[in-house]
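K.L.:
Contents of work14.cif (mmCIF, N, CA and C atoms) are given next:
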data_entry
loop_
_atom_site.label_atom_id
_atom_site.label_comp_id
_atom_site.auth_asym_id
_atom_site.auth_seq_id
_atom_site.Cartn_x
_atom_site.Cartn_y
_atom_site.Cartn_z
N MET Q 23 -104.89 54.01 57.32
CA MET Q 23 -104.49 52.99 56.35
C MET Q 23 -103.68 53.67 55.26
N LYS Q 24 -102.54 53.12 55.03
CA LYS Q 24 -101.72 53.61 53.93
C LYS Q 24 -102.30 53.12 52.61
N ASN Q 25 -101.83 53.69 51.53
CA ASN Q 25 -102.30 53.31 50.20
C ASN Q 25 -102.03 51.82 49.96
N PRO Q 26 -103.08 50.99 49.87
CA PRO Q 26 -102.85 49.56 49.71
C PRO Q 26 -102.37 49.15 48.33
N THR Q 27 -102.36 50.06 47.38
CA THR Q 27 -101.87 49.69 46.06
C THR Q 27 -100.38 49.93 45.93
N ALA Q 28 -99.79 50.57 46.92
CA ALA Q 28 -98.35 50.79 46.91
C ALA Q 28 -97.68 49.63 47.64
N PRO Q 29 -96.52 49.21 47.16
CA PRO Q 29 -95.83 48.12 47.86
C PRO Q 29 -95.53 48.51 49.30
N PRO Q 30 -95.67 47.56 50.22
CA PRO Q 30 -95.36 47.85 51.62
C PRO Q 30 -93.85 47.94 51.79
N PRO Q 31 -93.43 48.41 52.94
CA PRO Q 31 -91.99 48.46 53.17
C PRO Q 31 -91.42 47.04 53.18
N PRO Q 32 -90.12 46.93 52.98
CA PRO Q 32 -89.53 45.59 53.00
C PRO Q 32 -89.75 44.93 54.35
N PRO Q 33 -89.73 43.59 54.38
CA PRO Q 33 -89.96 42.91 55.64
C PRO Q 33 -88.84 43.21 56.63
N PRO Q 34 -89.16 43.14 57.90
CA PRO Q 34 -88.10 43.35 58.89
C PRO Q 34 -87.02 42.29 58.71
N SER Q 35 -85.80 42.67 58.97
CA SER Q 35 -84.73 41.68 58.87
C SER Q 35 -84.90 40.66 60.00
N ALA Q 36 -84.31 39.51 59.83
CA ALA Q 36 -84.42 38.45 60.83
C ALA Q 36 -83.95 38.94 62.20
N ALA Q 37 -83.02 39.88 62.22
CA ALA Q 37 -82.53 40.40 63.49
C ALA Q 37 -83.60 41.19 64.23
N HIS Q 38 -84.65 41.64 63.53
CA HIS Q 38 -85.71 42.42 64.15
C HIS Q 38 -86.97 41.61 64.42
N LEU Q 39 -86.86 40.29 64.29
CA LEU Q 39 -88.00 39.41 64.51
C LEU Q 39 -87.78 38.60 65.78
N THR Q 40 -88.86 38.37 66.52
CA THR Q 40 -88.76 37.48 67.67
C THR Q 40 -89.22 36.07 67.31
N HIS Q 41 -90.09 35.95 66.32
CA HIS Q 41 -90.59 34.66 65.85
C HIS Q 41 -90.84 34.73 64.36
N ALA Q 42 -90.67 33.60 63.68
CA ALA Q 42 -91.02 33.51 62.26
C ALA Q 42 -91.36 32.05 61.95
N TRP Q 43 -92.33 31.88 61.07
CA TRP Q 43 -92.80 30.55 60.68
C TRP Q 43 -93.40 30.66 59.30
N SER Q 44 -93.24 29.61 58.49
CA SER Q 44 -93.89 29.59 57.18
C SER Q 44 -94.33 28.17 56.85
N ALA Q 45 -95.32 28.09 55.99
CA ALA Q 45 -95.86 26.80 55.56
C ALA Q 45 -96.43 26.95 54.16
N GLY Q 46 -96.34 25.88 53.39
CA GLY Q 46 -96.94 25.85 52.07
C GLY Q 46 -98.27 25.12 52.12
N TYR Q 47 -99.20 25.57 51.27
CA TYR Q 47 -100.53 24.98 51.21
C TYR Q 47 -100.92 24.76 49.75
N PRO Q 48 -101.72 23.72 49.49
CA PRO Q 48 -102.19 23.50 48.13
C PRO Q 48 -103.15 24.60 47.72
N MET Q 49 -103.24 24.85 46.44
CA MET Q 49 -104.14 25.89 45.93
C MET Q 49 -105.55 25.31 45.79
N THR Q 50 -106.14 24.95 46.92
CA THR Q 50 -107.48 24.37 46.95
C THR Q 50 -108.31 25.10 47.99
N PRO Q 51 -109.64 24.96 47.95
CA PRO Q 51 -110.48 25.60 48.96
C PRO Q 51 -110.15 25.17 50.39
N ALA Q 52 -109.60 23.98 50.57
CA ALA Q 52 -109.24 23.51 51.91
C ALA Q 52 -108.08 24.29 52.52
N ALA Q 53 -107.32 25.01 51.71
CA ALA Q 53 -106.13 25.72 52.20
C ALA Q 53 -106.48 26.74 53.28
N ALA Q 54 -107.59 27.45 53.14
CA ALA Q 54 -107.94 28.48 54.13
C ALA Q 54 -108.13 27.85 55.51
N GLY Q 55 -108.84 26.74 55.58
CA GLY Q 55 -109.05 26.08 56.86
C GLY Q 55 -107.75 25.55 57.45
N LEU Q 56 -106.91 24.96 56.62
CA LEU Q 56 -105.62 24.48 57.09
C LEU Q 56 -104.75 25.62 57.60
N ALA Q 57 -104.76 26.74 56.87
CA ALA Q 57 -103.96 27.90 57.27
C ALA Q 57 -104.49 28.50 58.57
N ARG Q 58 -105.81 28.54 58.74
CA ARG Q 58 -106.39 29.04 60.01
C ARG Q 58 -105.89 28.20 61.18
N GLN Q 59 -105.96 26.88 61.02
CA GLN Q 59 -105.51 25.99 62.10
C GLN Q 59 -104.03 26.19 62.42
N GLY Q 60 -103.22 26.23 61.37
CA GLY Q 60 -101.79 26.42 61.58
C GLY Q 60 -101.47 27.75 62.22
N ALA Q 61 -102.13 28.81 61.77
CA ALA Q 61 -101.87 30.15 62.33
C ALA Q 61 -102.30 30.21 63.79
N ARG Q 62 -103.47 29.70 64.10
CA ARG Q 62 -103.95 29.74 65.49
C ARG Q 62 -103.00 28.98 66.42
N ARG Q 63 -102.56 27.81 65.99
CA ARG Q 63 -101.63 27.03 66.82
C ARG Q 63 -100.31 27.76 67.01
N ARG Q 64 -99.80 28.32 65.91
CA ARG Q 64 -98.50 29.00 65.99
C ARG Q 64 -98.58 30.24 66.88
N LEU Q 65 -99.62 31.04 66.71
CA LEU Q 65 -99.75 32.26 67.53
C LEU Q 65 -99.95 31.93 69.00
N ALA Q 66 -100.69 30.85 69.29
CA ALA Q 66 -100.86 30.42 70.68
C ALA Q 66 -99.53 29.94 71.27
N ALA Q 67 -98.77 29.19 70.49
CA ALA Q 67 -97.47 28.70 70.97
C ALA Q 67 -96.52 29.86 71.27
N TRP Q 68 -96.60 30.90 70.44
CA TRP Q 68 -95.75 32.07 70.66
C TRP Q 68 -96.26 32.96 71.78
N GLY Q 69 -97.54 32.83 72.13
CA GLY Q 69 -98.13 33.74 73.12
C GLY Q 69 -98.22 35.16 72.57
N TRP Q 70 -98.52 35.26 71.27
CA TRP Q 70 -98.57 36.59 70.64
C TRP Q 70 -99.57 37.49 71.36
N GLY Q 71 -99.21 38.73 71.58
CA GLY Q 71 -100.00 39.66 72.37
C GLY Q 71 -101.02 40.47 71.61
N GLY Q 72 -101.38 40.05 70.40
CA GLY Q 72 -102.40 40.75 69.63
C GLY Q 72 -103.70 39.98 69.64
N ASP Q 73 -104.64 40.41 68.83
CA ASP Q 73 -105.94 39.75 68.73
C ASP Q 73 -105.80 38.54 67.80
N VAL Q 74 -105.71 37.37 68.38
CA VAL Q 74 -105.48 36.15 67.61
C VAL Q 74 -106.65 35.87 66.67
N ASP Q 75 -107.88 36.13 67.12
CA ASP Q 75 -109.03 35.90 66.24
C ASP Q 75 -108.97 36.78 65.00
N ASP Q 76 -108.60 38.05 65.18
CA ASP Q 76 -108.44 38.94 64.02
C ASP Q 76 -107.33 38.44 63.10
N ALA Q 77 -106.22 38.02 63.68
CA ALA Q 77 -105.10 37.54 62.88
C ALA Q 77 -105.49 36.31 62.08
N VAL Q 78 -106.21 35.39 62.71
CA VAL Q 78 -106.63 34.16 62.02
C VAL Q 78 -107.61 34.50 60.90
N LEU Q 79 -108.48 35.48 61.12
CA LEU Q 79 -109.41 35.90 60.06
C LEU Q 79 -108.65 36.52 58.88
N VAL Q 80 -107.65 37.33 59.17
CA VAL Q 80 -106.84 37.92 58.10
C VAL Q 80 -106.12 36.82 57.31
N VAL Q 81 -105.54 35.87 58.00
CA VAL Q 81 -104.88 34.74 57.33
C VAL Q 81 -105.88 34.03 56.42
N SER Q 82 -107.04 33.73 56.96
CA SER Q 82 -108.06 33.00 56.21
C SER Q 82 -108.48 33.75 54.96
N GLU Q 83 -108.74 35.03 55.08
CA GLU Q 83 -109.18 35.82 53.93
C GLU Q 83 -108.09 35.93 52.86
N LEU Q 84 -106.85 36.15 53.27
CA LEU Q 84 -105.78 36.27 52.28
C LEU Q 84 -105.50 34.94 51.59
N VAL Q 85 -105.54 33.85 52.33
CA VAL Q 85 -105.32 32.54 51.72
C VAL Q 85 -106.48 32.19 50.79
N ALA Q 86 -107.71 32.43 51.24
CA ALA Q 86 -108.87 32.15 50.38
C ALA Q 86 -108.81 32.97 49.10
N ASN Q 87 -108.40 34.22 49.20
CA ASN Q 87 -108.28 35.08 48.03
C ASN Q 87 -107.22 34.53 47.06
N ALA Q 88 -106.10 34.08 47.61
CA ALA Q 88 -105.05 33.52 46.76
C ALA Q 88 -105.53 32.26 46.05
N THR Q 89 -106.23 31.39 46.77
CA THR Q 89 -106.68 30.15 46.14
C THR Q 89 -107.75 30.41 45.10
N ARG Q 90 -108.52 31.46 45.29
CA ARG Q 90 -109.59 31.78 44.33
C ARG Q 90 -109.05 32.45 43.08
N HIS Q 91 -108.13 33.38 43.25
CA HIS Q 91 -107.70 34.22 42.13
C HIS Q 91 -106.33 33.86 41.55
N ALA Q 92 -105.58 33.01 42.23
CA ALA Q 92 -104.22 32.73 41.75
C ALA Q 92 -103.95 31.25 41.57
N ARG Q 93 -105.01 30.46 41.52
CA ARG Q 93 -104.82 29.01 41.39
C ARG Q 93 -104.08 28.71 40.10
N THR Q 94 -102.97 28.00 40.25
CA THR Q 94 -102.12 27.64 39.12
C THR Q 94 -101.72 26.19 39.31
N ALA Q 95 -101.82 25.42 38.25
CA ALA Q 95 -101.48 23.99 38.33
C ALA Q 95 -100.05 23.80 38.84
N ASP Q 96 -99.89 22.81 39.70
CA ASP Q 96 -98.59 22.41 40.23
C ASP Q 96 -97.89 23.49 41.05
N HIS Q 97 -98.65 24.41 41.61
CA HIS Q 97 -98.08 25.44 42.48
C HIS Q 97 -98.79 25.42 43.82
N HIS Q 98 -98.10 25.91 44.82
CA HIS Q 98 -98.66 26.07 46.15
C HIS Q 98 -98.62 27.55 46.51
N LEU Q 99 -99.34 27.89 47.56
CA LEU Q 99 -99.20 29.23 48.12
C LEU Q 99 -98.39 29.09 49.40
N TRP Q 100 -97.81 30.19 49.82
CA TRP Q 100 -96.99 30.19 51.03
C TRP Q 100 -97.54 31.19 52.02
N LEU Q 101 -97.65 30.76 53.25
CA LEU Q 101 -98.05 31.63 54.36
C LEU Q 101 -96.83 31.81 55.25
N ARG Q 102 -96.55 33.04 55.59
CA ARG Q 102 -95.46 33.34 56.52
C ARG Q 102 -96.01 34.24 57.61
N LEU Q 103 -95.76 33.85 58.85
CA LEU Q 103 -96.09 34.68 60.00
C LEU Q 103 -94.79 35.06 60.68
N ALA Q 104 -94.70 36.32 61.09
CA ALA Q 104 -93.52 36.78 61.81
C ALA Q 104 -93.94 37.83 62.82
N VAL Q 105 -93.30 37.82 63.97
CA VAL Q 105 -93.56 38.81 65.01
C VAL Q 105 -92.33 39.69 65.13
N THR Q 106 -92.54 41.00 65.03
CA THR Q 106 -91.44 41.95 65.15
C THR Q 106 -91.09 42.16 66.62
N GLN Q 107 -89.94 42.76 66.85
CA GLN Q 107 -89.53 43.05 68.22
C GLN Q 107 -90.54 43.94 68.93
N GLY Q 108 -91.26 44.76 68.16
CA GLY Q 108 -92.28 45.63 68.75
C GLY Q 108 -93.60 44.91 69.00
N GLY Q 109 -93.69 43.63 68.62
CA GLY Q 109 -94.89 42.85 68.89
C GLY Q 109 -95.90 42.81 67.77
N ALA Q 110 -95.64 43.50 66.65
CA ALA Q 110 -96.57 43.47 65.52
C ALA Q 110 -96.45 42.14 64.80
N LEU Q 111 -97.56 41.70 64.22
CA LEU Q 111 -97.58 40.46 63.45
C LEU Q 111 -97.56 40.79 61.97
N VAL Q 112 -96.63 40.19 61.25
CA VAL Q 112 -96.55 40.32 59.80
C VAL Q 112 -97.15 39.04 59.20
N VAL Q 113 -98.18 39.20 58.36
CA VAL Q 113 -98.80 38.08 57.67
C VAL Q 113 -98.50 38.24 56.19
N ASP Q 114 -97.77 37.30 55.63
CA ASP Q 114 -97.45 37.30 54.20
C ASP Q 114 -98.10 36.09 53.55
N VAL Q 115 -98.83 36.31 52.46
CA VAL Q 115 -99.36 35.21 51.66
C VAL Q 115 -98.83 35.40 50.25
N SER Q 116 -98.07 34.41 49.79
CA SER Q 116 -97.43 34.48 48.48
C SER Q 116 -98.06 33.46 47.54
N ASP Q 117 -98.26 33.89 46.30
CA ASP Q 117 -98.82 33.00 45.29
C ASP Q 117 -98.08 33.18 43.98
N PRO Q 118 -98.30 32.30 43.00
CA PRO Q 118 -97.51 32.32 41.77
C PRO Q 118 -97.98 33.29 40.70
N VAL Q 119 -99.03 34.06 40.94
CA VAL Q 119 -99.58 34.95 39.91
C VAL Q 119 -99.11 36.38 40.18
N GLY Q 120 -98.64 37.03 39.14
CA GLY Q 120 -98.06 38.36 39.28
C GLY Q 120 -99.05 39.50 39.37
N GLU Q 121 -100.32 39.27 38.98
CA GLU Q 121 -101.29 40.36 39.05
C GLU Q 121 -101.57 40.67 40.52
N PHE Q 122 -101.75 41.95 40.77
CA PHE Q 122 -101.94 42.38 42.14
C PHE Q 122 -103.41 42.59 42.45
N PRO Q 123 -103.78 42.41 43.71
CA PRO Q 123 -105.19 42.56 44.08
C PRO Q 123 -105.67 43.99 43.89
N ASP Q 124 -106.92 44.13 43.51
CA ASP Q 124 -107.54 45.44 43.36
C ASP Q 124 -108.28 45.75 44.65
N PHE Q 125 -107.59 46.44 45.54
CA PHE Q 125 -108.15 46.73 46.86
C PHE Q 125 -109.36 47.64 46.80
N ASP Q 126 -109.52 48.35 45.70
CA ASP Q 126 -110.61 49.33 45.62
C ASP Q 126 -111.85 48.84 44.91
N SER Q 127 -111.81 47.63 44.31
CA SER Q 127 -112.97 47.20 43.55
C SER Q 127 -113.94 46.33 44.36
N ALA Q 128 -113.61 46.05 45.61
CA ALA Q 128 -114.47 45.21 46.43
C ALA Q 128 -115.78 45.94 46.72
N ALA Q 129 -116.87 45.28 46.39
CA ALA Q 129 -118.20 45.87 46.61
C ALA Q 129 -118.78 45.34 47.91
N PRO Q 130 -119.12 46.20 48.86
CA PRO Q 130 -119.61 45.73 50.16
C PRO Q 130 -120.85 44.85 50.05
N LEU Q 131 -121.67 45.03 49.02
CA LEU Q 131 -122.89 44.24 48.90
C LEU Q 131 -122.81 43.22 47.78
N GLY Q 132 -121.66 43.10 47.14
CA GLY Q 132 -121.50 42.18 46.03
C GLY Q 132 -121.27 40.75 46.49
N GLU Q 133 -121.20 39.85 45.51
CA GLU Q 133 -120.99 38.43 45.79
C GLU Q 133 -119.60 38.15 46.34
N GLY Q 134 -118.61 38.88 45.90
CA GLY Q 134 -117.25 38.63 46.34
C GLY Q 134 -116.53 39.92 46.62
N GLY Q 135 -115.31 39.78 47.08
CA GLY Q 135 -114.47 40.96 47.29
C GLY Q 135 -114.52 41.53 48.68
N ARG Q 136 -115.38 41.01 49.53
CA ARG Q 136 -115.46 41.56 50.89
C ARG Q 136 -114.27 41.16 51.74
N GLY Q 137 -113.58 40.07 51.38
CA GLY Q 137 -112.44 39.62 52.17
C GLY Q 137 -111.36 40.68 52.30
N LEU Q 138 -111.05 41.35 51.19
CA LEU Q 138 -110.03 42.40 51.27
C LEU Q 138 -110.51 43.59 52.09
N LEU Q 139 -111.82 43.86 52.06
CA LEU Q 139 -112.36 44.93 52.92
C LEU Q 139 -112.19 44.57 54.39
N VAL Q 140 -112.45 43.32 54.72
CA VAL Q 140 -112.27 42.86 56.10
C VAL Q 140 -110.81 42.99 56.51
N VAL Q 141 -109.91 42.55 55.64
CA VAL Q 141 -108.49 42.63 55.94
C VAL Q 141 -108.07 44.08 56.16
N ARG Q 142 -108.55 44.97 55.32
CA ARG Q 142 -108.19 46.39 55.45
C ARG Q 142 -108.69 46.99 56.76
N GLU Q 143 -109.84 46.51 57.23
CA GLU Q 143 -110.38 47.01 58.51
C GLU Q 143 -109.60 46.49 59.71
N LEU Q 144 -109.16 45.25 59.64
CA LEU Q 144 -108.51 44.63 60.79
C LEU Q 144 -107.02 44.93 60.88
N ALA Q 145 -106.38 45.11 59.75
CA ALA Q 145 -104.93 45.30 59.72
C ALA Q 145 -104.54 46.75 59.88
N GLN Q 146 -103.40 46.95 60.45
CA GLN Q 146 -102.84 48.29 60.59
C GLN Q 146 -102.37 48.80 59.23
N ASP Q 147 -101.90 47.87 58.40
CA ASP Q 147 -101.42 48.22 57.08
C ASP Q 147 -101.57 46.99 56.18
N VAL Q 148 -101.86 47.21 54.90
CA VAL Q 148 -102.00 46.13 53.92
C VAL Q 148 -101.36 46.60 52.62
N GLY Q 149 -100.66 45.73 51.96
CA GLY Q 149 -100.07 46.06 50.67
C GLY Q 149 -99.58 44.80 50.00
N TRP Q 150 -98.86 44.97 48.92
CA TRP Q 150 -98.34 43.83 48.15
C TRP Q 150 -97.03 44.22 47.52
N PHE Q 151 -96.29 43.19 47.10
CA PHE Q 151 -95.05 43.43 46.38
C PHE Q 151 -94.75 42.23 45.51
N PRO Q 152 -94.03 42.43 44.41
CA PRO Q 152 -93.68 41.30 43.54
C PRO Q 152 -92.65 40.40 44.23
N ARG Q 153 -92.76 39.11 43.96
CA ARG Q 153 -91.77 38.15 44.46
C ARG Q 153 -90.70 38.00 43.42
N GLN Q 154 -89.49 37.82 43.86
CA GLN Q 154 -88.40 37.61 42.92
C GLN Q 154 -88.63 36.29 42.20
N GLY Q 155 -88.64 36.32 40.91
CA GLY Q 155 -88.83 35.12 40.12
C GLY Q 155 -90.23 34.98 39.57
N GLN Q 156 -91.22 34.86 40.47
CA GLN Q 156 -92.58 34.65 39.99
C GLN Q 156 -93.57 34.98 41.10
N GLY Q 157 -94.63 35.66 40.72
CA GLY Q 157 -95.73 35.87 41.64
C GLY Q 157 -95.64 37.13 42.47
N LYS Q 158 -96.40 37.10 43.56
CA LYS Q 158 -96.50 38.27 44.44
C LYS Q 158 -96.70 37.81 45.87
N THR Q 159 -96.54 38.75 46.77
CA THR Q 159 -96.85 38.54 48.18
C THR Q 159 -97.78 39.65 48.62
N VAL Q 160 -98.86 39.27 49.28
CA VAL Q 160 -99.76 40.23 49.90
C VAL Q 160 -99.43 40.22 51.38
N ARG Q 161 -99.22 41.41 51.94
CA ARG Q 161 -98.80 41.53 53.34
C ARG Q 161 -99.80 42.34 54.15
N ALA Q 162 -100.08 41.84 55.34
CA ALA Q 162 -100.89 42.58 56.30
C ALA Q 162 -100.08 42.68 57.59
N LEU Q 163 -100.17 43.82 58.23
CA LEU Q 163 -99.49 44.06 59.49
C LEU Q 163 -100.54 44.29 60.56
N LEU Q 164 -100.50 43.48 61.61
CA LEU Q 164 -101.46 43.60 62.70
C LEU Q 164 -100.74 44.02 63.97
N PRO Q 165 -101.29 44.97 64.69
CA PRO Q 165 -100.62 45.45 65.90
C PRO Q 165 -100.83 44.48 67.07
N ARG Q 166 -99.96 44.58 68.04
CA ARG Q 166 -100.22 43.87 69.30
C ARG Q 166 -101.20 44.70 70.09
N LYS Q 167 -101.83 44.10 71.06
CA LYS Q 167 -102.78 44.83 71.90
C LYS Q 167 -102.05 45.82 72.78
N GLY Q 168 -102.75 46.91 73.06
CA GLY Q 168 -102.21 47.87 74.02
C GLY Q 168 -101.22 48.75 73.41
#
Please rewrite the model in this file as structure tokens.
P.N.:
Amino acid sequence: MKNPTAPPPPPPSAAHLTHAWSAGYPMTPAAAGLARQGARRRLAAWGWGGDVDDAVLVVSELVANATRHARTADHHLWLRLAVTQGGALVVDVSDPVGEFPDFDSAAPLGEGGRGLLVVRELAQDVGWFPRQGQGKTVRALLPRKG
């Protein structure tokens, strides 16, 4: 795992993607469930060659984290899924708050914070970067199987 507090590399250019999809969700607790459903359907339609259950869990945790910590009136969060030519899945969750997640403060036995630990275990790489204009994007990269 690379340093999760450092910004990840820039996203692959559209020329290096085989699939891409994005959707906006309200900043409510229901967003995680809606994002899980959308991600599962999209990955199945694409026939993505990675662990779909792991990918859906990563989507759910990142979306739930955004709705919990970045809820802002009259704003939505954005989920973007993209598959690289090499078969890796890029999961981006963007929200309107500029503060970045503290990947190191999650307590394994505490009330909260385990979601980022789960994401770090399942993803090949996790990081964040500021969005132009407002907010941030948290990115996880999941490998294809094999």
K.L.:
Per DSSP on the backbone, what are the helix (DSSP H, G or I) residues of chain Q, as a PyMOL selection string?
P.N.:
chain Q and resi 36-38+52-68+74-91+136-144
K.L.:
Apply the PyMOL selection byres (((chain Q and resi 65 and name CA) around 12) and name CA) to the file shown and report the selected residues as a ChimeraX atom specification.
P.N.:
/Q:41-43,57-64,66-78,81,102-105,109-113,166
K.L.:
Quick one: write out the picked residues with N, CA and C atoms as an mmCIF file, in the frame of the given file?
P.N.:
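Wrote selection-v5.cif, looks like this:
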data_model
loop_
_atom_site.group_PDB
_atom_site.id
_atom_site.type_symbol
_atom_site.label_atom_id
_atom_site.label_comp_id
_atom_site.auth_asym_id
_atom_site.auth_seq_id
_atom_site.Cartn_x
_atom_site.Cartn_y
_atom_site.Cartn_z
ATOM 1 N N HIS Q 41 -90.090 35.950 66.320
ATOM 2 C CA HIS Q 41 -90.590 34.660 65.850
ATOM 3 C C HIS Q 41 -90.840 34.730 64.360
ATOM 4 N N ALA Q 42 -90.670 33.600 63.680
ATOM 5 C CA ALA Q 42 -91.020 33.510 62.260
ATOM 6 C C ALA Q 42 -91.360 32.050 61.950
ATOM 7 N N TRP Q 43 -92.330 31.880 61.070
ATOM 8 C CA TRP Q 43 -92.800 30.550 60.680
ATOM 9 C C TRP Q 43 -93.400 30.660 59.300
ATOM 10 N N ALA Q 57 -104.760 26.740 56.870
ATOM 11 C CA ALA Q 57 -103.960 27.900 57.270
ATOM 12 C C ALA Q 57 -104.490 28.500 58.570
ATOM 13 N N ARG Q 58 -105.810 28.540 58.740
ATOM 14 C CA ARG Q 58 -106.390 29.040 60.010
ATOM 15 C C ARG Q 58 -105.890 28.200 61.180
ATOM 16 N N GLN Q 59 -105.960 26.880 61.020
ATOM 17 C CA GLN Q 59 -105.510 25.990 62.100
ATOM 18 C C GLN Q 59 -104.030 26.190 62.420
ATOM 19 N N GLY Q 60 -103.220 26.230 61.370
ATOM 20 C CA GLY Q 60 -101.790 26.420 61.580
ATOM 21 C C GLY Q 60 -101.470 27.750 62.220
ATOM 22 N N ALA Q 61 -102.130 28.810 61.770
ATOM 23 C CA ALA Q 61 -101.870 30.150 62.330
ATOM 24 C C ALA Q 61 -102.300 30.210 63.790
ATOM 25 N N ARG Q 62 -103.470 29.700 64.100
ATOM 26 C CA ARG Q 62 -103.950 29.740 65.490
ATOM 27 C C ARG Q 62 -103.000 28.980 66.420
ATOM 28 N N ARG Q 63 -102.560 27.810 65.990
ATOM 29 C CA ARG Q 63 -101.630 27.030 66.820
ATOM 30 C C ARG Q 63 -100.310 27.760 67.010
ATOM 31 N N ARG Q 64 -99.800 28.320 65.910
ATOM 32 C CA ARG Q 64 -98.500 29.000 65.990
ATOM 33 C C ARG Q 64 -98.580 30.240 66.880
ATOM 34 N N ALA Q 66 -100.690 30.850 69.290
ATOM 35 C CA ALA Q 66 -100.860 30.420 70.680
ATOM 36 C C ALA Q 66 -99.530 29.940 71.270
ATOM 37 N N ALA Q 67 -98.770 29.190 70.490
ATOM 38 C CA ALA Q 67 -97.470 28.700 70.970
ATOM 39 C C ALA Q 67 -96.520 29.860 71.270
ATOM 40 N N TRP Q 68 -96.600 30.900 70.440
ATOM 41 C CA TRP Q 68 -95.750 32.070 70.660
ATOM 42 C C TRP Q 68 -96.260 32.960 71.780
ATOM 43 N N GLY Q 69 -97.540 32.830 72.130
ATOM 44 C CA GLY Q 69 -98.130 33.740 73.120
ATOM 45 C C GLY Q 69 -98.220 35.160 72.570
ATOM 46 N N TRP Q 70 -98.520 35.260 71.270
ATOM 47 C CA TRP Q 70 -98.570 36.590 70.640
ATOM 48 C C TRP Q 70 -99.570 37.490 71.360
ATOM 49 N N GLY Q 71 -99.210 38.730 71.580
ATOM 50 C CA GLY Q 71 -100.000 39.660 72.370
ATOM 51 C C GLY Q 71 -101.020 40.470 71.610
ATOM 52 N N GLY Q 72 -101.380 40.050 70.400
ATOM 53 C CA GLY Q 72 -102.400 40.750 69.630
ATOM 54 C C GLY Q 72 -103.700 39.980 69.640
ATOM 55 N N ASP Q 73 -104.640 40.410 68.830
ATOM 56 C CA ASP Q 73 -105.940 39.750 68.730
ATOM 57 C C ASP Q 73 -105.800 38.540 67.800
ATOM 58 N N VAL Q 74 -105.710 37.370 68.380
ATOM 59 C CA VAL Q 74 -105.480 36.150 67.610
ATOM 60 C C VAL Q 74 -106.650 35.870 66.670
ATOM 61 N N ASP Q 75 -107.880 36.130 67.120
ATOM 62 C CA ASP Q 75 -109.030 35.900 66.240
ATOM 63 C C ASP Q 75 -108.970 36.780 65.000
ATOM 64 N N ASP Q 76 -108.600 38.050 65.180
ATOM 65 C CA ASP Q 76 -108.440 38.940 64.020
ATOM 66 C C ASP Q 76 -107.330 38.440 63.100
ATOM 67 N N ALA Q 77 -106.220 38.020 63.680
ATOM 68 C CA ALA Q 77 -105.100 37.540 62.880
ATOM 69 C C ALA Q 77 -105.490 36.310 62.080
ATOM 70 N N VAL Q 78 -106.210 35.390 62.710
ATOM 71 C CA VAL Q 78 -106.630 34.160 62.020
ATOM 72 C C VAL Q 78 -107.610 34.500 60.900
ATOM 73 N N VAL Q 81 -105.540 35.870 58.000
ATOM 74 C CA VAL Q 81 -104.880 34.740 57.330
ATOM 75 C C VAL Q 81 -105.880 34.030 56.420
ATOM 76 N N ARG Q 102 -96.550 33.040 55.590
ATOM 77 C CA ARG Q 102 -95.460 33.340 56.520
ATOM 78 C C ARG Q 102 -96.010 34.240 57.610
ATOM 79 N N LEU Q 103 -95.760 33.850 58.850
ATOM 80 C CA LEU Q 103 -96.090 34.680 60.000
ATOM 81 C C LEU Q 103 -94.790 35.060 60.680
ATOM 82 N N ALA Q 104 -94.700 36.320 61.090
ATOM 83 C CA ALA Q 104 -93.520 36.780 61.810
ATOM 84 C C ALA Q 104 -93.940 37.830 62.820
ATOM 85 N N VAL Q 105 -93.300 37.820 63.970
ATOM 86 C CA VAL Q 105 -93.560 38.810 65.010
ATOM 87 C C VAL Q 105 -92.330 39.690 65.130
ATOM 88 N N GLY Q 109 -93.690 43.630 68.620
ATOM 89 C CA GLY Q 109 -94.890 42.850 68.890
ATOM 90 C C GLY Q 109 -95.900 42.810 67.770
ATOM 91 N N ALA Q 110 -95.640 43.500 66.650
ATOM 92 C CA ALA Q 110 -96.570 43.470 65.520
ATOM 93 C C ALA Q 110 -96.450 42.140 64.800
ATOM 94 N N LEU Q 111 -97.560 41.700 64.220
ATOM 95 C CA LEU Q 111 -97.580 40.460 63.450
ATOM 96 C C LEU Q 111 -97.560 40.790 61.970
ATOM 97 N N VAL Q 112 -96.630 40.190 61.250
ATOM 98 C CA VAL Q 112 -96.550 40.320 59.800
ATOM 99 C C VAL Q 112 -97.150 39.040 59.200
ATOM 100 N N VAL Q 113 -98.180 39.200 58.360
ATOM 101 C CA VAL Q 113 -98.800 38.080 57.670
ATOM 102 C C VAL Q 113 -98.500 38.240 56.190
ATOM 103 N N ARG Q 166 -99.960 44.580 68.040
ATOM 104 C CA ARG Q 166 -100.220 43.870 69.300
ATOM 105 C C ARG Q 166 -101.200 44.700 70.090
#
K.L.:
To one decimal in Å, tell me the separation between atom C of Leu164 of chain Q and atom N of Leu138 of chain Q.
P.N.:
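Distance between the two atoms: 16.6 Å.
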K.L.:
Do you know which residues the PyMOL selection byres ((chain Q and resi 47) around 8) returns on this file, as a PyMOL selection string?
P.N.:
chain Q and resi 44-46+48-50+52-54+56-57+97-101
K.L.:
From a DSSP calculation on the backbone, collect every residue of segment 31-160 of chain Q in strand (DSSP E) and output the set as a ChimeraX atom specification.
P.N.:
/Q:39-48,98-106,111-117,147-152,158-160
K.L.:
Do you have the atom CA of Phe151 of chain Q-atom N of Thr94 of chain Q distance handy?
P.N.:
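Spanning atom CA of Phe151 of chain Q to atom N of Thr94 of chain Q is a straight-line distance of 18.4 Å.
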K.L.:
For the atom pair atom CA of Pro51 of chain Q and atom C of Leu84 of chain Q, what is the interatomic distance in Å to one decimal place?
P.N.:
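Going from atom CA of Pro51 of chain Q over to atom C of Leu84 of chain Q, I get 10.9 Å.
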K.L.:
Do you know which residues the PyMOL selection byres (((chain Q and resi 150 and name CA) around 6) and name CA) returns on this file, as a list in words?
P.N.:
Pro29, Gly149, Phe151, Thr159, Val160 and Arg161 of chain Q
